[in-house]
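Visitor: The structure under discussion is supplied below as structure tokens; questions concerning it will follow.
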Amino acid sequence: MPRIAYVNGRYVAHADAVVHIEDRGYQFADGVYEVCEVARCFIVDMPRHLARLDRSLRELSIGWPVTPGVLPIILREVVRRNHVTDGLVYLQVTRGVASRDFVFPAGTKPSLVVTARKADPAAAAKRAESGIKVLTVPENRWDRVDIKSVGLLPNVLAKQKAKEAGAQEAWFVDADGTVKEGGSSNAWIITRDGVLVTRPAEHGILRGITRTTLFDVAAKLGLKIEERGFSVAEAKAAREVFISSATTIAMPVVAIDGAPVANGHPGSITLSLRQAFFDIAEKSPA
């Protein structure tokens with residue numbers, strides 16, 4: 001079956017899905033996005049994702065492209081038309097189409113694109129069994145990374161550098177050696193006494209939805225969390241390290257800049273978080 005996309009009010013074949021050449025998302029990266037996991041025919045944490053979308057739109061003074069109550073219907077329909085039981089659904093909102101000018105255009109309707117694709121949960125589980133490697137890179141992004149903007153070129157370059165080094169994720173690091181977050185994930189460590197540590201999300205990182213839900217998971221498992229910064233050196237000396245995102249959940253990190261974390265294998269606490277996540281996360285029927 002061909003893939004189907006939603007583009008500004010129409011469900012079209014994925015191969016025929018297009019936007020105008022003067023869409024401001026294309027010309028200025030003037031837009032935001034969200035990615036929701038689809039698992040076992042449920043869209044995971046959809047209300048939290050849509051709440052963050054609302055915040056991103058307000059921060060950039062972009063209006064909703066459809067009424068907020070309609071968007072979940074569109075997401076479900078795109079998932080249904082693509083027969084996705086496990087995978088992801090992606091939505092992107094831009095300021096819309098207007099003659100190229102840096103200032104906000106007047107009266108422009110925001111653009112909405114939604115796509116979905118399948119994923120293999122068995123492959124993700126296998127990756128978690130072996131863990132991933134991380135490469136650190138200097139922070140070089142704009143100051144408003146708390147907005148989930150489509151302007152991701154520094155992330156692209158960082159993740160490409162990681163791939164060329166044989167790693168699967170890049171961590172942005174401040175000049176003082178403090179870890180900020182990954183190219184497409186939040187960063188966590190677990191101390192020798194079993195405390196989960198992640199950087200506060202008030203400034204400098206994106207408030208990940210999976211990150212937020214992991215607070216609920218940790219509470220259910222009786223695990224303590226500290227929101228504070230941690231250095232690359234502390235991460236390398238940690239009991240466990242992992243990343244979190246909608247597409248990875250809690251993914252063990254077994255090496256940082258080529259140095260193994262602990263014994264170089266996924267840790268039991270990270271795997272327990274991963275195992276418990278779906279039972280605790282909010283699930284909306286797709």
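Letters for chains follow the order of the structure tokens (A, B, ...), residue numbers begin at 1 for each chain, and ligand numbers begin at 1 in the order shown.
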Could you list, with a cut-off of 8 Å and counting only C-alpha atoms, the residues of segment 81-135 of chain A near segment 259-271 of chain A, each shown with its nearest atom pair and the distance in Å rounded to one decimal, rows sorted by chain and ascending number, as a Markdown table?
Guide:
```
| residue | atom | partner | partner_atom | distance |
| --- | --- | --- | --- | --- |
| A:Ala128 | CA | A:Pro266 | CA | 7.4 |
| A:Glu129 | CA | A:Pro266 | CA | 6.6 |
| A:Ser130 | CA | A:Pro266 | CA | 6.5 |
| A:Gly131 | CA | A:Pro266 | CA | 5.7 |
```
Visitor: So which residues of segment 4-98 of chain A fall under strand (DSSP E or B) by DSSP, listed as a PDB file with N, CA and C atoms, in the first residue's frame?
Guide:
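Saved as selection.pdb:
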```
ATOM      1  N   ILE A   4       0.545   7.587   2.751  1.00  0.00           N
ATOM      2  CA  ILE A   4      -0.357   8.724   2.625  1.00  0.00           C
ATOM      3  C   ILE A   4       0.119   9.836   3.561  1.00  0.00           C
ATOM      4  N   ALA A   5       0.060  11.068   3.081  1.00  0.00           N
ATOM      5  CA  ALA A   5       0.410  12.236   3.896  1.00  0.00           C
ATOM      6  C   ALA A   5      -0.783  13.190   3.932  1.00  0.00           C
ATOM      7  N   TYR A   6      -0.817  13.987   4.972  1.00  0.00           N
ATOM      8  CA  TYR A   6      -1.808  15.058   5.069  1.00  0.00           C
ATOM      9  C   TYR A   6      -1.085  16.370   4.802  1.00  0.00           C
ATOM     10  N   VAL A   7      -1.584  17.150   3.854  1.00  0.00           N
ATOM     11  CA  VAL A   7      -0.980  18.436   3.523  1.00  0.00           C
ATOM     12  C   VAL A   7      -2.089  19.476   3.378  1.00  0.00           C
ATOM     13  N   ARG A  10      -5.684  18.098   2.802  1.00  0.00           N
ATOM     14  CA  ARG A  10      -5.862  17.002   1.852  1.00  0.00           C
ATOM     15  C   ARG A  10      -4.988  15.817   2.246  1.00  0.00           C
ATOM     16  N   TYR A  11      -5.573  14.613   2.084  1.00  0.00           N
ATOM     17  CA  TYR A  11      -4.808  13.374   2.225  1.00  0.00           C
ATOM     18  C   TYR A  11      -4.357  12.980   0.829  1.00  0.00           C
ATOM     19  N   VAL A  12      -3.038  12.911   0.647  1.00  0.00           N
ATOM     20  CA  VAL A  12      -2.484  12.672  -0.685  1.00  0.00           C
ATOM     21  C   VAL A  12      -1.431  11.577  -0.617  1.00  0.00           C
ATOM     22  N   ALA A  13      -1.138  10.985  -1.768  1.00  0.00           N
ATOM     23  CA  ALA A  13      -0.051  10.003  -1.830  1.00  0.00           C
ATOM     24  C   ALA A  13       1.252  10.660  -1.381  1.00  0.00           C
ATOM     25  N   ASP A  23       6.824  28.637   1.017  1.00  0.00           N
ATOM     26  CA  ASP A  23       6.458  28.298   2.393  1.00  0.00           C
ATOM     27  C   ASP A  23       7.603  28.734   3.301  1.00  0.00           C
ATOM     28  N   GLY A  31       9.054  27.470  11.508  1.00  0.00           N
ATOM     29  CA  GLY A  31       8.025  26.501  11.851  1.00  0.00           C
ATOM     30  C   GLY A  31       8.472  25.608  12.982  1.00  0.00           C
ATOM     31  N   VAL A  32       7.562  24.774  13.432  1.00  0.00           N
ATOM     32  CA  VAL A  32       7.816  23.863  14.550  1.00  0.00           C
ATOM     33  C   VAL A  32       7.311  22.480  14.180  1.00  0.00           C
ATOM     34  N   TYR A  33       7.675  21.502  14.996  1.00  0.00           N
ATOM     35  CA  TYR A  33       7.256  20.136  14.704  1.00  0.00           C
ATOM     36  C   TYR A  33       7.100  19.336  15.988  1.00  0.00           C
ATOM     37  N   GLU A  34       6.476  18.178  15.859  1.00  0.00           N
ATOM     38  CA  GLU A  34       6.371  17.204  16.937  1.00  0.00           C
ATOM     39  C   GLU A  34       6.466  15.812  16.329  1.00  0.00           C
ATOM     40  N   VAL A  35       6.967  14.866  17.113  1.00  0.00           N
ATOM     41  CA  VAL A  35       7.014  13.462  16.720  1.00  0.00           C
ATOM     42  C   VAL A  35       6.435  12.638  17.861  1.00  0.00           C
ATOM     43  N   CYS A  36       5.411  11.859  17.564  1.00  0.00           N
ATOM     44  CA  CYS A  36       4.813  10.973  18.569  1.00  0.00           C
ATOM     45  C   CYS A  36       5.125   9.522  18.218  1.00  0.00           C
ATOM     46  N   GLU A  37       5.440   8.740  19.228  1.00  0.00           N
ATOM     47  CA  GLU A  37       5.588   7.304  19.020  1.00  0.00           C
ATOM     48  C   GLU A  37       4.214   6.675  18.827  1.00  0.00           C
ATOM     49  N   VAL A  38       4.140   5.724  17.907  1.00  0.00           N
ATOM     50  CA  VAL A  38       2.967   4.867  17.777  1.00  0.00           C
ATOM     51  C   VAL A  38       3.388   3.469  18.220  1.00  0.00           C
ATOM     52  N   ALA A  39       2.716   2.934  19.220  1.00  0.00           N
ATOM     53  CA  ALA A  39       3.082   1.625  19.763  1.00  0.00           C
ATOM     54  C   ALA A  39       1.821   0.810  20.027  1.00  0.00           C
ATOM     55  N   PHE A  42      -1.453   2.473  19.573  1.00  0.00           N
ATOM     56  CA  PHE A  42      -1.715   3.648  20.394  1.00  0.00           C
ATOM     57  C   PHE A  42      -0.734   4.754  20.016  1.00  0.00           C
ATOM     58  N   ILE A  43      -1.195   6.002  20.070  1.00  0.00           N
ATOM     59  CA  ILE A  43      -0.294   7.148  19.970  1.00  0.00           C
ATOM     60  C   ILE A  43       0.117   7.508  21.390  1.00  0.00           C
ATOM     61  N   VAL A  44       1.393   7.478  21.661  1.00  0.00           N
ATOM     62  CA  VAL A  44       1.906   7.596  23.027  1.00  0.00           C
ATOM     63  C   VAL A  44       2.082   9.073  23.409  1.00  0.00           C
ATOM     64  N   GLY A  87       5.437   2.591  15.159  1.00  0.00           N
ATOM     65  CA  GLY A  87       6.204   3.522  14.341  1.00  0.00           C
ATOM     66  C   GLY A  87       6.135   4.911  14.909  1.00  0.00           C
ATOM     67  N   LEU A  88       5.931   5.896  14.049  1.00  0.00           N
ATOM     68  CA  LEU A  88       5.847   7.276  14.519  1.00  0.00           C
ATOM     69  C   LEU A  88       4.929   8.070  13.615  1.00  0.00           C
ATOM     70  N   VAL A  89       4.394   9.150  14.172  1.00  0.00           N
ATOM     71  CA  VAL A  89       3.625  10.112  13.397  1.00  0.00           C
ATOM     72  C   VAL A  89       4.265  11.478  13.600  1.00  0.00           C
ATOM     73  N   TYR A  90       4.532  12.175  12.502  1.00  0.00           N
ATOM     74  CA  TYR A  90       5.263  13.443  12.487  1.00  0.00           C
ATOM     75  C   TYR A  90       4.322  14.542  12.026  1.00  0.00           C
ATOM     76  N   LEU A  91       4.328  15.660  12.731  1.00  0.00           N
ATOM     77  CA  LEU A  91       3.545  16.805  12.289  1.00  0.00           C
ATOM     78  C   LEU A  91       4.417  18.047  12.283  1.00  0.00           C
ATOM     79  N   GLN A  92       4.186  18.903  11.291  1.00  0.00           N
ATOM     80  CA  GLN A  92       4.957  20.131  11.141  1.00  0.00           C
ATOM     81  C   GLN A  92       4.021  21.287  10.831  1.00  0.00           C
ATOM     82  N   VAL A  93       4.197  22.377  11.552  1.00  0.00           N
ATOM     83  CA  VAL A  93       3.407  23.585  11.331  1.00  0.00           C
ATOM     84  C   VAL A  93       4.372  24.710  10.995  1.00  0.00           C
ATOM     85  N   THR A  94       4.129  25.406   9.880  1.00  0.00           N
ATOM     86  CA  THR A  94       4.938  26.574   9.541  1.00  0.00           C
ATOM     87  C   THR A  94       4.043  27.814   9.503  1.00  0.00           C
ATOM     88  N   VAL A  97       2.585  30.356   3.646  1.00  0.00           N
ATOM     89  CA  VAL A  97       3.139  30.774   2.357  1.00  0.00           C
ATOM     90  C   VAL A  97       2.974  32.278   2.200  1.00  0.00           C
TER      91      VAL A  97
END
```
Visitor: Just to confirm, what's the straight-line distance from atom CA of Leu57 of chain A to atom CA of Thr85 of chain A in Å (one decimal)?
Guide: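 Answer for the atom CA of Leu57 of chain A to atom CA of Thr85 of chain A separation: 28.6 Å.
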Visitor: Leaving out segment 166-177 of chain A and any residue of its chain fewer than 6 positions from it, which residues lie within 7 Å of it when counting only C-alpha atoms, given as a ChimeraX atom specification?
Guide: /A:132-139,158-159,183,231-232
Visitor: Pull the closest atom pair for each residue of segment 8-54 of chain A that gets at most 8 Å from segment 202-218 of chain A, along with the distance in Å to one decimal, counting only C-alpha atoms, ordering rows by chain and then ascending residue number, as CSV.
Guide:
```
residue,atom,partner,partner_atom,distance
A:Asp45,CA,A:Ile209,CA,7.4
A:Arg48,CA,A:Ile209,CA,6.5
A:His49,CA,A:Ile209,CA,6.5
```
Visitor: Just the number, please: distance in Å from atom CA of Gly96 of chain A to atom CA of Leu60 of chain A, one decimal.
Guide: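 Atom CA of Leu60 of chain A lies 12.8 Å from atom CA of Gly96 of chain A.
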Visitor: Rounded to one decimal, what separation in Å do you get between atom CA of Arg95 of chain A and atom CA of Ile21 of chain A?
Guide: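 Atom CA of Arg95 of chain A sits 13.3 Å away from atom CA of Ile21 of chain A.
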Visitor: Residues of segment 153-252 of chain A in alpha helix (DSSP H) according to DSSP, as a ChimeraX atom specification?
Guide: /A:153-164,209-221,232-236
Visitor: Show me a table, sorted first by chain and then by increasing residue number, of the residues of segment 146-225 of chain A having an atom at most 6 Å from segment 238-246 of chain A, each with its shortest atom pair and the distance in Å to one decimal, counting only C-alpha atoms and written as JSON lines.
Guide:
```
{"residue": "A:Ser185", "atom": "CA", "partner": "A:Ser245", "partner_atom": "CA", "distance": 5.0}
{"residue": "A:Asn186", "atom": "CA", "partner": "A:Ser244", "partner_atom": "CA", "distance": 5.2}
{"residue": "A:Ala187", "atom": "CA", "partner": "A:Ile243", "partner_atom": "CA", "distance": 4.8}
{"residue": "A:Trp188", "atom": "CA", "partner": "A:Phe242", "partner_atom": "CA", "distance": 5.3}
{"residue": "A:Ile189", "atom": "CA", "partner": "A:Val241", "partner_atom": "CA", "distance": 4.3}
{"residue": "A:Ile190", "atom": "CA", "partner": "A:Glu240", "partner_atom": "CA", "distance": 4.9}
{"residue": "A:Thr191", "atom": "CA", "partner": "A:Ala238", "partner_atom": "CA", "distance": 5.3}
{"residue": "A:Arg192", "atom": "CA", "partner": "A:Arg239", "partner_atom": "CA", "distance": 5.0}
{"residue": "A:Thr210", "atom": "CA", "partner": "A:Ser245", "partner_atom": "CA", "distance": 5.4}
```
Visitor: Which is closer to Val66 of chain A than all the others in A:Arg100, A:Lys109, A:Arg141, A:Lys180, using only C-alpha atoms?
Guide: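 When distances to Val66 of chain A are compared using only C-alpha atoms, the smallest one comes from A:Lys109.
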Visitor: Write out as a PyMOL selection string the residues lying within 12 Å of Arg40 of chain A, counting only C-alpha atoms and excluding same-chain residues fewer than 3 positions away.
Guide: chain A and resi 37+43-44+79+83-88+118-121+278-279+283-286
Visitor: Quick one: write out the picked residues with C-alpha atoms as a short mmCIF file (atom, residue, chain, number, x, y, z; two decimals), in the first residue's frame?
Guide:
```cif
data_model
loop_
_atom_site.label_atom_id
_atom_site.label_comp_id
_atom_site.auth_asym_id
_atom_site.auth_seq_id
_atom_site.Cartn_x
_atom_site.Cartn_y
_atom_site.Cartn_z
CA GLU A 37 5.59 7.30 19.02
CA ILE A 43 -0.29 7.15 19.97
CA VAL A 44 1.91 7.60 23.03
CA VAL A 79 -1.77 6.64 11.22
CA HIS A 83 -1.55 1.04 8.62
CA VAL A 84 0.96 1.92 11.32
CA THR A 85 0.69 -0.21 14.44
CA ASP A 86 4.26 0.53 15.59
CA GLY A 87 6.20 3.52 14.34
CA LEU A 88 5.85 7.28 14.52
CA LYS A 118 6.21 2.09 10.40
CA ALA A 119 9.05 0.92 12.64
CA ASP A 120 10.17 -2.46 13.88
CA PRO A 121 9.94 -2.67 17.70
CA PHE A 278 4.61 1.80 27.86
CA ASP A 279 2.48 0.67 30.81
CA LYS A 283 -1.96 6.04 25.43
CA SER A 284 -4.46 7.40 22.91
CA PRO A 285 -6.09 4.91 20.50
CA ALA A 286 -4.78 5.44 16.98
#
```
Visitor: Counting only C-alpha atoms, which of A:Ala219, A:Ile256, A:Ala233, A:Val78 gets nearest to Ala276 of chain A?
Guide: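 Answer, going by the shortest atom-to-atom distance: A:Ala219.
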Visitor: Give the answer as one residue: which of A:Gln27, A:Gly9, A:Arg3, A:Pro105 has the shortest atom-to-atom distance to Val70 of chain A, using only C-alpha atoms?
Guide: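 Counting only C-alpha atoms, the residue closest to Val70 of chain A is A:Gly9.
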